[in-house]
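**Q** For reference, this is data29.cif, and it has mmCIF, C-alpha atoms.
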data_query
loop_
_atom_site.label_atom_id
_atom_site.label_comp_id
_atom_site.auth_asym_id
_atom_site.auth_seq_id
_atom_site.Cartn_x
_atom_site.Cartn_y
_atom_site.Cartn_z
CA MET A 1 0.00 0.00 0.00
CA GLY A 2 1.31 3.44 -0.96
CA PHE A 3 1.64 6.39 1.39
CA LEU A 4 -0.50 8.39 -1.07
CA GLU A 5 -2.79 6.32 -3.29
CA ILE A 6 -4.74 7.54 -6.31
CA ASN A 7 -7.01 4.72 -7.43
CA ASN A 8 -8.98 4.91 -10.68
CA ALA A 9 -9.57 8.63 -10.13
CA THR A 10 -11.61 10.60 -12.66
CA LYS A 11 -12.76 14.19 -12.86
CA SER A 12 -15.66 15.48 -14.93
CA TYR A 13 -17.19 18.88 -15.46
CA GLY A 14 -20.71 18.09 -16.59
CA ALA A 15 -20.47 15.64 -19.47
CA MET A 16 -16.79 16.41 -20.09
CA GLU A 17 -14.31 14.06 -18.44
CA VAL A 18 -10.96 15.85 -18.03
CA LEU A 19 -9.12 13.19 -15.99
CA HIS A 20 -9.41 9.56 -16.98
CA GLN A 21 -8.90 6.68 -14.52
CA VAL A 22 -5.64 7.83 -12.97
CA ASP A 23 -3.78 5.19 -10.92
CA ILE A 24 -0.67 6.31 -9.04
CA GLN A 25 0.87 5.08 -5.78
CA VAL A 26 3.37 7.35 -4.03
CA GLU A 27 5.60 5.83 -1.36
CA GLU A 28 6.60 7.74 1.77
CA GLY A 29 9.54 10.03 1.04
CA GLU A 30 9.07 9.95 -2.75
CA PHE A 31 9.29 13.04 -4.95
CA LEU A 32 6.65 12.58 -7.65
CA VAL A 33 6.50 15.13 -10.45
CA LEU A 34 3.36 15.52 -12.58
CA VAL A 35 4.52 16.95 -15.89
CA GLY A 36 2.79 17.76 -19.15
CA PRO A 37 1.61 20.59 -21.40
CA SER A 38 -0.98 23.17 -20.35
CA GLY A 39 -4.44 21.65 -20.04
CA CYS A 40 -3.23 18.05 -19.56
CA GLY A 41 -4.90 17.69 -16.13
CA LYS A 42 -1.87 17.83 -13.83
CA SER A 43 -3.06 20.83 -11.75
CA THR A 44 -6.57 19.36 -11.57
CA LEU A 45 -5.11 16.14 -10.14
CA LEU A 46 -3.05 18.10 -7.61
CA ASN A 47 -6.15 20.06 -6.54
CA MET A 48 -8.03 16.77 -6.09
CA ILE A 49 -5.28 15.53 -3.75
CA ALA A 50 -5.50 18.82 -1.84
CA GLY A 51 -9.30 18.68 -1.65
CA LEU A 52 -9.72 21.90 -3.64
CA GLU A 53 -11.47 19.92 -6.38
CA GLU A 54 -13.96 17.12 -5.70
CA ILE A 55 -13.17 13.72 -7.14
CA THR A 56 -15.86 12.48 -9.57
CA SER A 57 -15.13 8.78 -9.16
CA GLY A 58 -12.40 6.60 -7.72
CA GLU A 59 -10.47 7.12 -4.46
CA ILE A 60 -7.62 9.18 -3.09
CA SER A 61 -6.15 8.06 0.25
CA ILE A 62 -3.32 9.26 2.46
CA LYS A 63 -1.74 6.86 4.99
CA GLY A 64 -4.57 4.42 4.39
CA GLN A 65 -7.36 6.94 5.07
CA VAL A 66 -9.73 7.71 2.19
CA MET A 67 -9.78 11.46 1.53
CA ASN A 68 -12.91 11.62 -0.65
CA GLY A 69 -15.11 14.33 0.83
CA VAL A 70 -12.60 15.26 3.56
CA HIS A 71 -12.16 19.04 3.92
CA PRO A 72 -8.72 20.38 2.85
CA SER A 73 -8.01 21.57 6.41
CA LYS A 74 -8.42 17.99 7.69
CA ARG A 75 -6.04 16.35 5.20
CA ASN A 76 -2.70 17.30 6.80
CA ILE A 77 -1.27 18.49 3.49
CA ALA A 78 0.61 21.71 2.76
CA MET A 79 0.53 23.47 -0.59
CA VAL A 80 3.02 25.87 -2.20
CA PHE A 81 1.43 27.95 -4.95
CA GLN A 82 2.83 29.55 -8.09
CA SER A 83 1.65 32.98 -6.85
CA TYR A 84 3.25 32.54 -3.34
CA ALA A 85 -0.12 33.60 -1.76
CA LEU A 86 1.53 35.52 1.10
CA TYR A 87 -0.37 37.96 3.32
CA PRO A 88 1.04 41.41 2.35
CA ASN A 89 0.19 43.05 5.68
CA MET A 90 2.01 40.41 7.75
CA SER A 91 5.74 40.04 8.31
CA VAL A 92 7.64 37.03 7.01
CA GLY A 93 7.61 35.47 10.48
CA GLN A 94 3.86 36.00 10.84
CA ASN A 95 3.24 34.49 7.39
CA ILE A 96 5.21 31.39 8.32
CA SER A 97 3.57 30.87 11.71
CA PHE A 98 0.01 31.95 10.85
CA GLY A 99 -1.20 28.44 10.07
CA LEU A 100 0.09 27.14 13.39
CA GLU A 101 -1.66 29.99 15.18
CA MET A 102 -4.95 29.10 13.48
CA HIS A 103 -4.53 25.53 14.73
CA GLY A 104 -4.07 26.73 18.32
CA VAL A 105 -0.37 25.91 18.64
CA PRO A 106 1.13 27.74 21.70
CA LYS A 107 3.26 30.82 20.93
CA ALA A 108 6.52 29.39 22.24
CA GLN A 109 6.10 26.28 20.10
CA ARG A 110 5.20 28.42 17.06
CA GLU A 111 8.29 30.57 17.45
CA ALA A 112 10.56 27.55 17.90
CA ALA A 113 9.17 25.91 14.75
CA MET A 114 9.42 29.18 12.81
CA GLY A 115 13.06 29.67 13.87
CA GLU A 116 13.97 26.13 12.86
CA VAL A 117 12.40 26.49 9.41
CA ALA A 118 13.89 29.96 8.88
CA LYS A 119 17.35 28.57 9.65
CA LEU A 120 16.79 25.63 7.28
CA LEU A 121 15.79 27.97 4.44
CA GLN A 122 18.37 30.63 5.36
CA ILE A 123 15.79 33.41 5.74
CA GLU A 124 16.40 34.26 9.41
CA GLN A 125 17.35 37.84 8.50
CA LEU A 126 14.03 38.33 6.67
CA LEU A 127 11.59 37.47 9.48
CA ASP A 128 10.66 41.10 10.24
CA ARG A 129 10.23 42.19 6.63
CA LYS A 130 6.96 42.37 4.66
CA PRO A 131 6.51 40.31 1.45
CA GLY A 132 6.61 43.49 -0.65
CA GLN A 133 10.21 44.04 0.45
CA LEU A 134 11.37 40.64 -0.82
CA SER A 135 12.64 39.36 -4.15
CA GLY A 136 10.77 36.60 -6.00
CA GLY A 137 13.18 33.94 -4.74
CA GLN A 138 12.88 35.15 -1.15
CA ARG A 139 9.07 35.13 -1.36
CA GLN A 140 9.18 31.58 -2.68
CA ARG A 141 11.35 30.53 0.28
CA VAL A 142 8.80 32.10 2.67
CA ALA A 143 5.98 30.22 0.93
CA MET A 144 7.97 27.01 1.35
CA GLY A 145 8.65 27.88 5.00
CA ARG A 146 4.94 28.29 5.65
CA ALA A 147 4.39 24.78 4.29
CA LEU A 148 7.36 23.20 6.08
CA VAL A 149 6.51 24.58 9.52
CA ARG A 150 3.33 22.52 9.63
CA ASP A 151 5.15 19.16 9.21
CA PRO A 152 2.42 17.75 6.94
CA ASP A 153 2.08 14.23 5.56
CA VAL A 154 2.33 15.41 1.93
CA PHE A 155 3.70 18.58 0.33
CA LEU A 156 2.01 19.77 -2.85
CA PHE A 157 3.85 22.18 -5.17
CA ASP A 158 1.89 23.86 -7.98
CA GLU A 159 4.44 25.23 -10.51
CA PRO A 160 6.27 27.09 -7.73
CA LEU A 161 9.18 28.30 -9.87
CA SER A 162 7.40 29.52 -13.01
CA ASN A 163 7.38 33.17 -11.90
CA LEU A 164 11.16 33.28 -11.38
CA ASP A 165 13.83 34.23 -13.92
CA ALA A 166 15.91 31.48 -15.51
CA LYS A 167 18.95 31.62 -13.19
CA LEU A 168 16.88 31.90 -10.02
CA ARG A 169 14.73 29.01 -11.20
CA VAL A 170 17.83 26.81 -11.47
CA ASP A 171 19.04 27.94 -8.02
CA MET A 172 15.66 27.27 -6.38
CA ARG A 173 15.43 23.90 -8.09
CA THR A 174 18.70 22.94 -6.41
CA GLU A 175 17.44 24.21 -3.04
CA ILE A 176 14.21 22.18 -3.29
CA LYS A 177 16.17 19.03 -4.20
CA LYS A 178 18.59 19.51 -1.27
CA LEU A 179 15.64 20.14 1.05
CA HIS A 180 13.95 16.90 -0.03
CA GLN A 181 17.15 14.92 0.41
CA LYS A 182 17.64 16.36 3.89
CA LEU A 183 14.08 15.98 5.17
CA GLY A 184 12.87 12.92 3.25
CA THR A 185 9.42 14.45 2.84
CA THR A 186 6.71 13.15 0.49
CA ILE A 187 6.23 15.62 -2.35
CA VAL A 188 3.88 15.86 -5.33
CA TYR A 189 5.11 18.58 -7.68
CA VAL A 190 3.37 19.98 -10.77
CA THR A 191 5.32 21.56 -13.63
CA HIS A 192 5.20 21.97 -17.40
CA ASP A 193 9.02 22.16 -17.45
CA GLN A 194 10.43 18.74 -18.33
CA ILE A 195 13.94 19.71 -17.15
CA GLU A 196 12.48 20.42 -13.69
CA ALA A 197 10.74 17.05 -13.81
CA LEU A 198 13.90 15.14 -14.73
CA THR A 199 16.18 16.87 -12.22
CA LEU A 200 13.90 16.98 -9.17
CA SER A 201 11.92 13.76 -9.16
CA THR A 202 12.38 10.24 -7.92
CA ARG A 203 9.47 9.33 -10.23
CA ILE A 204 7.63 11.16 -13.01
CA ALA A 205 4.06 10.89 -14.26
CA VAL A 206 3.93 12.28 -17.81
CA MET A 207 0.39 13.47 -18.55
CA ASN A 208 -1.43 14.47 -21.72
CA GLY A 209 -5.12 14.80 -22.52
CA GLY A 210 -6.15 13.79 -19.00
CA TYR A 211 -4.29 10.45 -19.18
CA VAL A 212 -1.06 9.34 -17.51
CA GLN A 213 1.05 8.49 -20.55
CA GLN A 214 3.90 6.94 -18.55
CA LEU A 215 4.88 6.58 -14.90
CA GLY A 216 8.50 5.80 -14.07
CA THR A 217 11.89 6.97 -12.86
CA PRO A 218 13.57 9.84 -14.73
CA LYS A 219 15.93 7.33 -16.38
CA GLU A 220 13.03 5.10 -17.50
CA ILE A 221 11.11 8.06 -18.89
CA TYR A 222 14.14 9.46 -20.73
CA ASP A 223 15.76 6.24 -22.00
CA SER A 224 12.64 4.12 -22.57
CA PRO A 225 9.69 6.38 -23.49
CA ALA A 226 6.44 4.43 -23.76
CA ASN A 227 5.10 6.34 -26.75
CA LEU A 228 5.86 9.11 -29.21
CA PHE A 229 4.34 11.81 -26.99
CA VAL A 230 6.66 11.00 -24.08
CA ALA A 231 9.61 10.68 -26.49
CA SER A 232 9.05 14.13 -27.99
CA PHE A 233 7.95 15.94 -24.80
CA MET A 234 10.72 14.80 -22.45
CA GLY A 235 14.24 16.00 -23.22
CA SER A 236 15.79 19.19 -24.54
CA PRO A 237 16.44 19.12 -27.45
CA SER A 238 13.70 16.55 -27.92
CA MET A 239 14.24 13.06 -29.30
CA ASN A 240 14.88 12.79 -33.05
CA LEU A 241 12.08 10.79 -34.72
CA ILE A 242 13.30 9.16 -37.93
CA PRO A 243 11.00 7.19 -40.30
CA VAL A 244 12.64 3.91 -41.40
CA THR A 245 11.53 0.70 -43.10
CA ILE A 246 12.37 -2.57 -41.36
CA ARG A 247 14.42 -5.12 -43.32
CA ILE A 248 15.54 -8.51 -41.98
CA GLU A 249 18.63 -10.33 -43.23
CA GLY A 250 19.13 -13.53 -41.27
CA GLU A 251 19.64 -12.53 -37.64
CA ALA A 252 20.24 -8.89 -38.52
CA VAL A 253 17.44 -6.29 -38.45
CA TYR A 254 17.94 -3.00 -40.30
CA GLY A 255 16.05 0.27 -40.44
CA ASP A 256 16.39 1.50 -44.01
CA THR A 257 16.38 5.22 -44.73
CA ARG A 258 18.50 7.78 -46.58
CA SER A 259 21.00 10.42 -45.54
CA GLY A 260 20.26 14.08 -46.23
CA ASP A 261 21.96 13.91 -49.65
CA GLY A 262 19.87 10.90 -50.70
CA GLN A 263 22.43 8.13 -50.11
CA PRO A 264 21.01 4.81 -48.77
CA LEU A 265 21.49 4.40 -45.03
CA ALA A 266 20.94 1.02 -43.35
CA LEU A 267 20.79 1.35 -39.55
CA ARG A 268 21.35 -2.03 -37.86
CA PHE A 269 19.50 -2.54 -34.56
CA ALA A 270 21.64 -3.58 -31.60
CA ASN A 271 19.28 -6.03 -29.88
CA PRO A 272 16.14 -6.40 -32.00
CA SER A 273 13.14 -7.87 -30.21
CA GLU A 274 10.78 -10.48 -31.67
CA ALA A 275 8.11 -7.78 -31.72
CA LEU A 276 10.31 -5.63 -33.97
CA ARG A 277 11.00 -8.58 -36.31
CA ALA A 278 7.27 -8.76 -36.99
CA TYR A 279 7.56 -5.38 -38.75
CA ASP A 280 9.62 -6.78 -41.64
CA GLY A 281 8.92 -4.60 -44.69
CA LYS A 282 6.85 -2.15 -42.63
CA PRO A 283 7.46 1.47 -41.58
CA VAL A 284 8.72 2.21 -38.06
CA THR A 285 9.59 5.48 -36.33
CA LEU A 286 13.08 5.37 -34.86
CA GLY A 287 13.67 7.53 -31.77
CA VAL A 288 17.24 8.75 -31.21
CA ARG A 289 18.29 11.19 -28.46
CA PRO A 290 20.59 14.03 -29.66
CA GLU A 291 23.49 12.71 -27.52
CA ALA A 292 23.22 9.33 -29.32
CA LEU A 293 23.80 11.17 -32.62
CA THR A 294 27.20 12.85 -32.41
CA ASP A 295 30.62 13.17 -34.04
CA PRO A 296 32.73 9.98 -34.34
CA ASP A 297 35.30 11.11 -31.73
CA GLY A 298 32.51 11.93 -29.27
CA ALA A 299 30.69 8.60 -29.68
CA ASP A 300 30.30 6.11 -26.81
CA ARG A 301 33.46 3.97 -26.98
CA SER A 302 31.85 1.24 -24.86
CA SER A 303 29.20 0.60 -27.53
CA ASN A 304 29.74 -1.96 -30.29
CA HIS A 305 26.82 -0.63 -32.32
CA VAL A 306 27.90 2.86 -33.38
CA GLN A 307 27.30 3.52 -37.07
CA ILE A 308 29.30 6.17 -38.92
CA PHE A 309 27.82 7.94 -41.94
CA GLU A 310 28.20 11.18 -43.83
CA THR A 311 25.59 13.80 -44.58
CA MET A 312 25.23 17.56 -44.89
CA ALA A 313 25.51 19.68 -41.74
CA GLU A 314 22.67 22.14 -42.30
CA VAL A 315 23.14 24.38 -39.25
CA THR A 316 25.53 24.59 -36.28
CA GLU A 317 24.65 26.05 -32.88
CA PRO A 318 27.54 26.47 -30.41
CA ALA A 319 26.16 26.10 -26.85
CA GLY A 320 29.22 26.36 -24.63
CA SER A 321 29.84 22.80 -23.48
CA ASP A 322 28.26 21.33 -26.66
CA THR A 323 27.72 22.13 -30.31
CA PHE A 324 24.31 21.25 -31.73
CA VAL A 325 24.39 20.32 -35.42
CA GLY A 326 21.26 20.08 -37.56
CA CYS A 327 21.05 17.51 -40.33
CA SER A 328 18.46 15.47 -42.23
CA ILE A 329 17.98 11.71 -42.04
CA GLY A 330 15.26 10.45 -44.34
CA GLU A 331 12.38 12.90 -44.01
CA ALA A 332 13.35 13.92 -40.47
CA ALA A 333 15.14 17.07 -39.41
CA CYS A 334 17.54 15.90 -36.69
CA ILE A 335 19.72 17.49 -34.02
CA ALA A 336 23.09 15.99 -33.11
CA ARG A 337 24.87 16.86 -29.86
CA MET A 338 28.57 17.12 -30.65
CA ARG A 339 31.68 18.13 -28.72
CA ALA A 340 32.22 21.85 -28.11
CA ASP A 341 35.44 21.95 -30.19
CA VAL A 342 34.13 19.90 -33.11
CA GLU A 343 35.10 21.30 -36.53
CA VAL A 344 31.86 21.22 -38.48
CA ARG A 345 30.70 24.00 -40.81
CA ALA A 346 27.13 24.58 -41.91
CA GLY A 347 26.70 23.70 -45.57
CA SER A 348 29.51 21.14 -45.60
CA VAL A 349 29.45 17.35 -45.49
CA ALA A 350 30.23 16.04 -42.00
CA ARG A 351 30.71 12.64 -40.38
CA PHE A 352 28.07 11.57 -37.86
CA ALA A 353 28.00 8.67 -35.40
CA LEU A 354 24.69 7.09 -34.38
CA ASN A 355 24.65 4.75 -31.35
CA MET A 356 22.03 2.13 -32.23
CA GLU A 357 22.13 0.75 -28.67
CA LYS A 358 20.21 3.90 -27.70
CA ALA A 359 17.70 3.77 -30.58
CA VAL A 360 14.05 3.23 -29.63
CA PRO A 361 11.50 1.93 -32.21
CA PHE A 362 7.85 3.08 -32.26
CA ASP A 363 4.80 1.98 -34.24
CA PRO A 364 3.88 5.03 -36.37
CA LYS A 365 0.16 4.18 -36.26
CA SER A 366 -0.41 3.39 -32.60
CA GLU A 367 2.51 5.70 -31.58
CA MET A 368 3.47 3.12 -28.92
CA ARG A 369 6.95 1.78 -28.33
CA ILE A 370 7.74 -1.56 -29.96
CA TRP A 371 9.05 -3.63 -27.05
#
Please lay out the structure from this file as structure tokens.
**A**
Amino acid sequence: MGFLEINNATKSYGAMEVLHQVDIQVEEGEFLVLVGPSGCGKSTLLNMIAGLEEITSGEISIKGQVMNGVHPSKRNIAMVFQSYALYPNMSVGQNISFGLEMHGVPKAQREAAMGEVAKLLQIEQLLDRKPGQLSGGQRQRVAMGRALVRDPDVFLFDEPLSNLDAKLRVDMRTEIKKLHQKLGTTIVYVTHDQIEALTLSTRIAVMNGGYVQQLGTPKEIYDSPANLFVASFMGSPSMNLIPVTIRIEGEAVYGDTRSGDGQPLALRFANPSEALRAYDGKPVTLGVRPEALTDPDGADRSSNHVQIFETMAEVTEPAGSDTFVGCSIGEAACIARMRADVEVRAGSVARFALNMEKAVPFDPKSEMRIW
């Protein structure tokens, strides 16, 4: 039994069902991230856990107790909002301790808890200030402090970093991860940012259209996407999706396509499954991460299935530690992640290395992975 269980949960507004039979179990101390595009249902699911939205059918339970119909104040959860939701007329210290005061916690105990949380978040010097005197990052720390001081069963984060600038977002992401590692709290975190999802979580639920498309560890989601949506949504740059035709020669299975200049290109699969062999003569979509398509000197030397080929480098984008090179394979525009000092010029023929051990085949009709 999970610490937080979502069993066959649905949500409807009138005749429109916006969440469809969601099943997720969260163990104590896990960091679950709900990620997906706007309108996919992730915030609705978070609000159902919090009790801010009623569940239409199914069950949500925390520590074995069914939460259906239980008022938010009785659920022992704490929520951190995108908008911070701080009281502007109260000091930082009052904002942090207000919830404890409403629950009748004695003043001495409130102040001790507030001091402990302020020290943890390094905001001790801000306790007498008003929210209007704080930066965005400081306000977000106060909002987190208000949640932490209550010592809830589950923390819920609703896109807490989306109002921050890029550098501060990275800094706060690190702080939240360190905080989770130190406290071992159970967190459900909503974001549309797949980098946040991959870096923060112990598990990810990728959502789209009200369905959980895949639930797994960051490595499972990134390396073994269940379908084309997960493959294209998770990762930056996103996975290259190359149309090929399957050809079998004895034990070997090839994905036939052409390089950007029209030359035949036969990509041999590293460990073809029996399911893939059934596609002989049929089209398949081959998923390849940008780091699996690189320059020959940057290829994985531990792999025995790296294929070298030549094609036109259409565009180069230096990015500090890497150089991204655009090329065409078959009908697909692809991005290769090459070494920073690679000598490749746009408009010239370059050598590329594709690690077929990292290639993932998908059925182009069902859009599901071919296991």
**Q** What does the structure give for the distance between atom CA of A:Met239 and atom CA of A:Leu161, in Å to one decimal?
**A**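 So the answer is 25.2 Å.
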**Q** For atom CA of A:Gln82 and atom CA of A:Leu164, quote the distance in Å rounded to one decimal.
**A**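 If I compute the distance from atom CA of A:Gln82 to atom CA of A:Leu164, I get 9.7 Å.
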**Q** I want to know what sits within 9 Å of stretch 216-228 of chain A, based on only C-alpha atoms, with residues of the same chain fewer than 5 positions away left out; could you give that as a PDB file with C-alpha atoms, keeping the file's coordinate frame?
**A**
ATOM      1  CA  ALA A 197      10.740  17.050 -13.810  1.00  0.00           C
ATOM      2  CA  LEU A 198      13.900  15.140 -14.730  1.00  0.00           C
ATOM      3  CA  THR A 199      16.180  16.870 -12.220  1.00  0.00           C
ATOM      4  CA  SER A 201      11.920  13.760  -9.160  1.00  0.00           C
ATOM      5  CA  THR A 202      12.380  10.240  -7.920  1.00  0.00           C
ATOM      6  CA  ARG A 203       9.470   9.330 -10.230  1.00  0.00           C
ATOM      7  CA  ILE A 204       7.630  11.160 -13.010  1.00  0.00           C
ATOM      8  CA  ALA A 205       4.060  10.890 -14.260  1.00  0.00           C
ATOM      9  CA  VAL A 206       3.930  12.280 -17.810  1.00  0.00           C
ATOM     10  CA  PHE A 233       7.950  15.940 -24.800  1.00  0.00           C
ATOM     11  CA  MET A 234      10.720  14.800 -22.450  1.00  0.00           C
ATOM     12  CA  GLY A 235      14.240  16.000 -23.220  1.00  0.00           C
ATOM     13  CA  LEU A 241      12.080  10.790 -34.720  1.00  0.00           C
ATOM     14  CA  THR A 285       9.590   5.480 -36.330  1.00  0.00           C
ATOM     15  CA  GLY A 287      13.670   7.530 -31.770  1.00  0.00           C
ATOM     16  CA  ARG A 289      18.290  11.190 -28.460  1.00  0.00           C
ATOM     17  CA  LYS A 358      20.210   3.900 -27.700  1.00  0.00           C
ATOM     18  CA  VAL A 360      14.050   3.230 -29.630  1.00  0.00           C
ATOM     19  CA  PHE A 362       7.850   3.080 -32.260  1.00  0.00           C
ATOM     20  CA  ASP A 363       4.800   1.980 -34.240  1.00  0.00           C
ATOM     21  CA  PRO A 364       3.880   5.030 -36.370  1.00  0.00           C
ATOM     22  CA  SER A 366      -0.410   3.390 -32.600  1.00  0.00           C
ATOM     23  CA  GLU A 367       2.510   5.700 -31.580  1.00  0.00           C
ATOM     24  CA  MET A 368       3.470   3.120 -28.920  1.00  0.00           C
ATOM     25  CA  ARG A 369       6.950   1.780 -28.330  1.00  0.00           C
ATOM     26  CA  ILE A 370       7.740  -1.560 -29.960  1.00  0.00           C
TER      27      ILE A 370
END
**Q** Quote the spacing between atom CA of A:Val344 and atom CA of A:Ser328 in Å to one decimal place.
**A** 15.1 Å
**Q** Run the PyMOL selection byres ((chain A and resi 49) around 10) on the file and write out the hits as an MDAnalysis selection string.
**A** chainID A and resid 4:6 43:48 50:55 59:62 67:68 72 75 77 154 156 188
**Q** Determine, counting all atoms listed in the file, which protein, DNA and RNA residues have an atom within 10 Å of an atom of A:Asp261; residues of the same chain fewer than 6 positions away are not included. Present the result as a JSON list (two decimals) with C-alpha atoms, in the frame of the given file.
**A**
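And here's around38.json as it stands now:
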[["chain", "number", "residue", "atom", "x", "y", "z"],
["A", 310, "GLU", "CA", 28.20, 11.18, -43.83],
["A", 311, "THR", "CA", 25.59, 13.80, -44.58],
["A", 312, "MET", "CA", 25.23, 17.56, -44.89],
["A", 328, "SER", "CA", 18.46, 15.47, -42.23],
["A", 329, "ILE", "CA", 17.98, 11.71, -42.04],
["A", 330, "GLY", "CA", 15.26, 10.45, -44.34],
["A", 349, "VAL", "CA", 29.45, 17.35, -45.49]]
**Q** Convert the output of the PyMOL selection byres ((chain A and resi 125-128) around 10) on the shown file into explicit residues, formatted as a list of chain:residue names.
**A**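 Expected selection for the PyMOL selection byres ((chain A and resi 125-128) around 10) here is A:Met90, A:Ser91, A:Val92, A:Gly93, A:Gln94, A:Asn95, A:Ile96, A:Met114, A:Gly115, A:Ala118, A:Lys119, A:Gln122, A:Ile123, A:Glu124, A:Arg129, A:Lys130, A:Pro131, A:Gln133, A:Leu134, A:Gln138, A:Arg139, A:Val142.
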**Q** Can you tell me, as a list in words, which residues sit within 10 Å of (-6.9, 12.9, -21.8) in the file's frame, using all atoms listed in the file?
**A**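 Every polymer residue passing the test: Glu17, Val18, Leu19, His20, Gln21, Gly39, Cys40, Gly41, Met207, Asn208, Gly209, Gly210, Tyr211, Val212 and Gln213 of chain A.
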**Q** May I ask which of the residues A:Ala319, A:Leu215, A:Ala332, A:Val170 is the closest one to A:Ile242, counting all atoms listed in the file?
**A**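 Smallest separation from A:Ile242 among the options: A:Ala332.
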**Q** Which is closest to A:Glu251 among A:Asn271, A:Asn163, A:Ser135, A:Gln263, if we use all atoms listed in the file?
**A**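 Residue with the minimum atom-to-atom distance to A:Glu251: A:Asn271.
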